[in-house]
Amino acid sequence: MKLNVPNQLTVLRLLVVPVFVIVMMASDALWADIVGLVLFIVASLTDMLDGKIARKHNLITDFGKFLDPLADKFMVIGALLVILYKTLNRAEPNRLFCILFFWAVLIVIFRELAVTSMRLVVSGSSGIVIAANRLGKIKTCTQIACVILCILEPLLAYHIEGLDFLADYRPFSVLSTVAMAFFTLWSGINYIKSYWKYLDPDK
């Protein structure tokens, strides 16, 4: 199967995810956080580019509609799980952030499982491919921002003198985690509400 450029970028994003996870899990050293952050930003940029190219050159395909949000899910959930592991492993001083982030990750995972299941059922029964809507895109943006800030903030706190307060209070991580949880939950409810009519309990 020959893939167009947007779909190639989507596949590239999928391939970057395991590399990101391996690098981030390999070490707690500065280099691992920096390389991991760069890899995640590159993956996030492919998410922005594939959609723009597809719309501009009329290269939107059902394959892309299906794979693009799936690649986003792998990218975000993989990153969130890595951050959660590293946060707990280094005895994060901000207990509030630990609890908040743990529940936010659960919200993201449950939402993505529910929406993905709905996509498969609706696509199979009605032949409708559910593309990401505006609220879903906002949700993805808040998730990406949260991952970047949750990697960057402790990186700055632990490696730059004078920024110790970031490790103690984690203001940017906390705010971005709240925003991520809010939009993830909202977009999930919106998807279920919009496509519930296609779920026939008698079939």
# chains A, B, ... in the order shown; residues from 1 in each chain; ligands from 1
>>> residues_around(residues="range 6-16 of chain A", least_positions_apart="5", cutoff="10 Å", atoms="only C-alpha atoms", output="VMD selection string")
chain A and resid 21 39 to 40 42 to 55 57 59 to 61 63 to 65 67 to 75
>>> residues_around(residues="range 168-178 of chain A", least_positions_apart="5", cutoff="8 Å", atoms="only C-alpha atoms", output="number ranges by chain")
A: 93-94, 97, 100-101, 104, 142-143, 145-146, 149-150, 153-154
>>> select_by_dssp(residues="range 1-188 of chain A", states="alpha helix (DSSP H)", output="ChimeraX atom specification")
/A:5-26,30-56,62-89,95-126,134-159,164-169,171-188
>>> atom_distance(atom1="CA of Cys141 in chain A", atom2="CA of Ala114 in chain A")
19.4 Å
>>> closest_atom_pairs(of="range 4-76 of chain A", to="range 155-162 of chain A", cutoff="9 Å", atoms="only C-alpha atoms", output="Markdown table")
| residue | atom | partner | partner_atom | distance |
| --- | --- | --- | --- | --- |
| A:Leu30 | CA | A:Leu155 | CA | 7.2 |
| A:Asp33 | CA | A:Leu155 | CA | 7.0 |
| A:Ile34 | CA | A:Leu155 | CA | 8.1 |
>>> decode(residues="range 42-196 of chain A", atoms="C-alpha atoms", output="short mmCIF file (atom, residue, chain, number, x, y, z; two decimals), in the first residue's frame")
data_model
loop_
_atom_site.label_atom_id
_atom_site.label_comp_id
_atom_site.auth_asym_id
_atom_site.auth_seq_id
_atom_site.Cartn_x
_atom_site.Cartn_y
_atom_site.Cartn_z
CA VAL A 42 9.07 16.19 16.78
CA ALA A 43 6.24 13.66 17.07
CA SER A 44 3.83 16.46 18.01
CA LEU A 45 4.91 18.53 15.01
CA THR A 46 4.13 15.64 12.67
CA ASP A 47 0.61 15.65 14.14
CA MET A 48 0.22 19.30 13.19
CA LEU A 49 1.80 18.92 9.76
CA ASP A 50 -0.05 15.83 8.54
CA GLY A 51 -3.45 17.47 9.06
CA LYS A 52 -2.44 20.74 7.41
CA ILE A 53 -0.93 18.99 4.39
CA ALA A 54 -3.90 16.65 4.04
CA ARG A 55 -6.41 19.53 4.07
CA LYS A 56 -4.37 21.83 1.82
CA HIS A 57 -3.73 19.24 -0.90
CA ASN A 58 -6.97 17.29 -0.50
CA LEU A 59 -5.17 14.18 0.71
CA ILE A 60 -7.68 13.26 3.40
CA THR A 61 -8.28 9.49 3.47
CA ASP A 62 -10.25 7.12 5.67
CA PHE A 63 -6.92 5.49 6.53
CA GLY A 64 -5.64 8.83 7.80
CA LYS A 65 -8.85 9.56 9.70
CA PHE A 66 -8.45 6.25 11.49
CA LEU A 67 -4.67 6.16 12.02
CA ASP A 68 -4.07 9.81 12.94
CA PRO A 69 -6.09 9.82 16.19
CA LEU A 70 -4.75 6.35 17.00
CA ALA A 71 -1.18 7.60 16.63
CA ASP A 72 -2.05 10.52 18.90
CA LYS A 73 -3.32 8.12 21.54
CA PHE A 74 -0.16 6.01 21.47
CA MET A 75 2.00 9.13 21.61
CA VAL A 76 0.16 10.79 24.50
CA ILE A 77 -0.60 7.72 26.63
CA GLY A 78 2.95 6.40 26.21
CA ALA A 79 4.37 9.75 27.30
CA LEU A 80 1.98 10.12 30.24
CA LEU A 81 2.81 6.64 31.55
CA VAL A 82 6.54 7.35 31.30
CA ILE A 83 6.12 10.65 33.18
CA LEU A 84 3.98 8.95 35.83
CA TYR A 85 6.62 6.25 36.33
CA LYS A 86 9.49 8.73 36.54
CA THR A 87 7.52 11.01 38.86
CA LEU A 88 6.81 8.20 41.32
CA ASN A 89 10.30 6.73 40.94
CA ARG A 90 12.08 9.92 41.96
CA ALA A 91 9.88 10.51 45.03
CA GLU A 92 8.18 13.64 43.72
CA PRO A 93 8.10 16.20 46.58
CA ASN A 94 4.74 17.62 45.48
CA ARG A 95 2.24 15.00 46.66
CA LEU A 96 -0.71 16.99 45.28
CA PHE A 97 0.76 16.81 41.78
CA CYS A 98 1.35 13.05 42.11
CA ILE A 99 -2.28 12.40 43.04
CA LEU A 100 -3.63 14.83 40.46
CA PHE A 101 -1.47 13.45 37.66
CA PHE A 102 -2.34 9.84 38.50
CA TRP A 103 -6.08 10.52 38.21
CA ALA A 104 -5.58 12.62 35.08
CA VAL A 105 -3.75 9.73 33.41
CA LEU A 106 -6.62 7.39 34.31
CA ILE A 107 -9.11 9.85 32.79
CA VAL A 108 -7.07 10.00 29.58
CA ILE A 109 -6.78 6.21 29.29
CA PHE A 110 -10.46 5.52 30.04
CA ARG A 111 -11.59 8.27 27.64
CA GLU A 112 -9.40 7.02 24.81
CA LEU A 113 -10.52 3.42 25.31
CA ALA A 114 -14.18 4.47 25.29
CA VAL A 115 -13.87 6.67 22.20
CA THR A 116 -11.76 4.13 20.31
CA SER A 117 -14.31 1.40 21.05
CA MET A 118 -17.08 3.68 19.85
CA ARG A 119 -15.16 4.47 16.65
CA LEU A 120 -14.82 0.76 15.88
CA VAL A 121 -18.47 -0.03 16.59
CA VAL A 122 -19.83 2.95 14.64
CA SER A 123 -17.48 2.28 11.73
CA GLY A 124 -18.41 -1.40 11.63
CA SER A 125 -22.16 -1.00 11.95
CA SER A 126 -22.77 2.24 10.04
CA GLY A 127 -19.70 2.59 7.84
CA ILE A 128 -18.99 6.01 9.35
CA VAL A 129 -15.37 6.94 10.02
CA ILE A 130 -15.31 9.32 12.97
CA ALA A 131 -12.75 12.04 12.36
CA ALA A 132 -11.35 14.23 15.13
CA ASN A 133 -13.53 17.29 15.76
CA ARG A 134 -12.48 20.70 17.05
CA LEU A 135 -12.95 19.77 20.71
CA GLY A 136 -10.93 16.61 20.16
CA LYS A 137 -8.12 18.69 18.66
CA ILE A 138 -8.17 21.06 21.64
CA LYS A 139 -8.00 18.02 23.91
CA THR A 140 -4.94 16.76 22.03
CA CYS A 141 -3.26 20.17 22.26
CA THR A 142 -3.75 20.30 26.04
CA GLN A 143 -2.37 16.77 26.35
CA ILE A 144 0.71 17.65 24.30
CA ALA A 145 1.25 20.84 26.31
CA CYS A 146 0.91 18.89 29.55
CA VAL A 147 3.50 16.31 28.51
CA ILE A 148 5.97 18.98 27.40
CA LEU A 149 5.59 21.00 30.62
CA CYS A 150 5.74 17.91 32.85
CA ILE A 151 9.07 16.95 31.25
CA LEU A 152 10.47 20.48 31.01
CA GLU A 153 9.58 21.76 34.49
CA PRO A 154 11.50 19.15 36.56
CA LEU A 155 14.30 19.27 33.99
CA LEU A 156 14.72 22.98 34.72
CA ALA A 157 14.15 22.55 38.46
CA TYR A 158 16.76 19.82 38.99
CA HIS A 159 19.42 21.05 36.60
CA ILE A 160 19.31 24.87 36.79
CA GLU A 161 20.29 26.62 39.99
CA GLY A 162 17.68 28.96 41.43
CA LEU A 163 14.65 27.12 40.03
CA ASP A 164 14.22 24.70 42.94
CA PHE A 165 10.78 26.12 43.66
CA LEU A 166 9.50 24.53 40.43
CA ALA A 167 10.19 21.09 41.89
CA ASP A 168 8.39 21.97 45.12
CA TYR A 169 5.25 23.52 43.64
CA ARG A 170 5.14 22.34 40.00
CA PRO A 171 2.81 25.25 39.02
CA PHE A 172 2.96 24.72 35.24
CA SER A 173 2.61 20.97 35.51
CA VAL A 174 -0.38 21.24 37.84
CA LEU A 175 -2.20 23.80 35.68
CA SER A 176 -1.57 21.89 32.45
CA THR A 177 -2.66 18.62 34.08
CA VAL A 178 -5.96 20.18 35.21
CA ALA A 179 -6.54 21.58 31.71
CA MET A 180 -5.74 18.22 30.13
CA ALA A 181 -8.10 16.32 32.43
CA PHE A 182 -10.91 18.84 31.87
CA PHE A 183 -10.78 18.84 28.06
CA THR A 184 -10.17 15.10 27.88
CA LEU A 185 -13.29 14.43 29.93
CA TRP A 186 -15.37 17.04 28.08
CA SER A 187 -14.39 15.79 24.62
CA GLY A 188 -15.07 12.19 25.65
CA ILE A 189 -18.57 13.00 26.86
CA ASN A 190 -19.17 15.00 23.68
CA TYR A 191 -18.11 12.08 21.43
CA ILE A 192 -20.28 9.58 23.28
CA LYS A 193 -23.26 11.94 23.24
CA SER A 194 -22.86 12.69 19.50
CA TYR A 195 -22.57 9.07 18.33
CA TRP A 196 -24.67 7.24 20.91
#
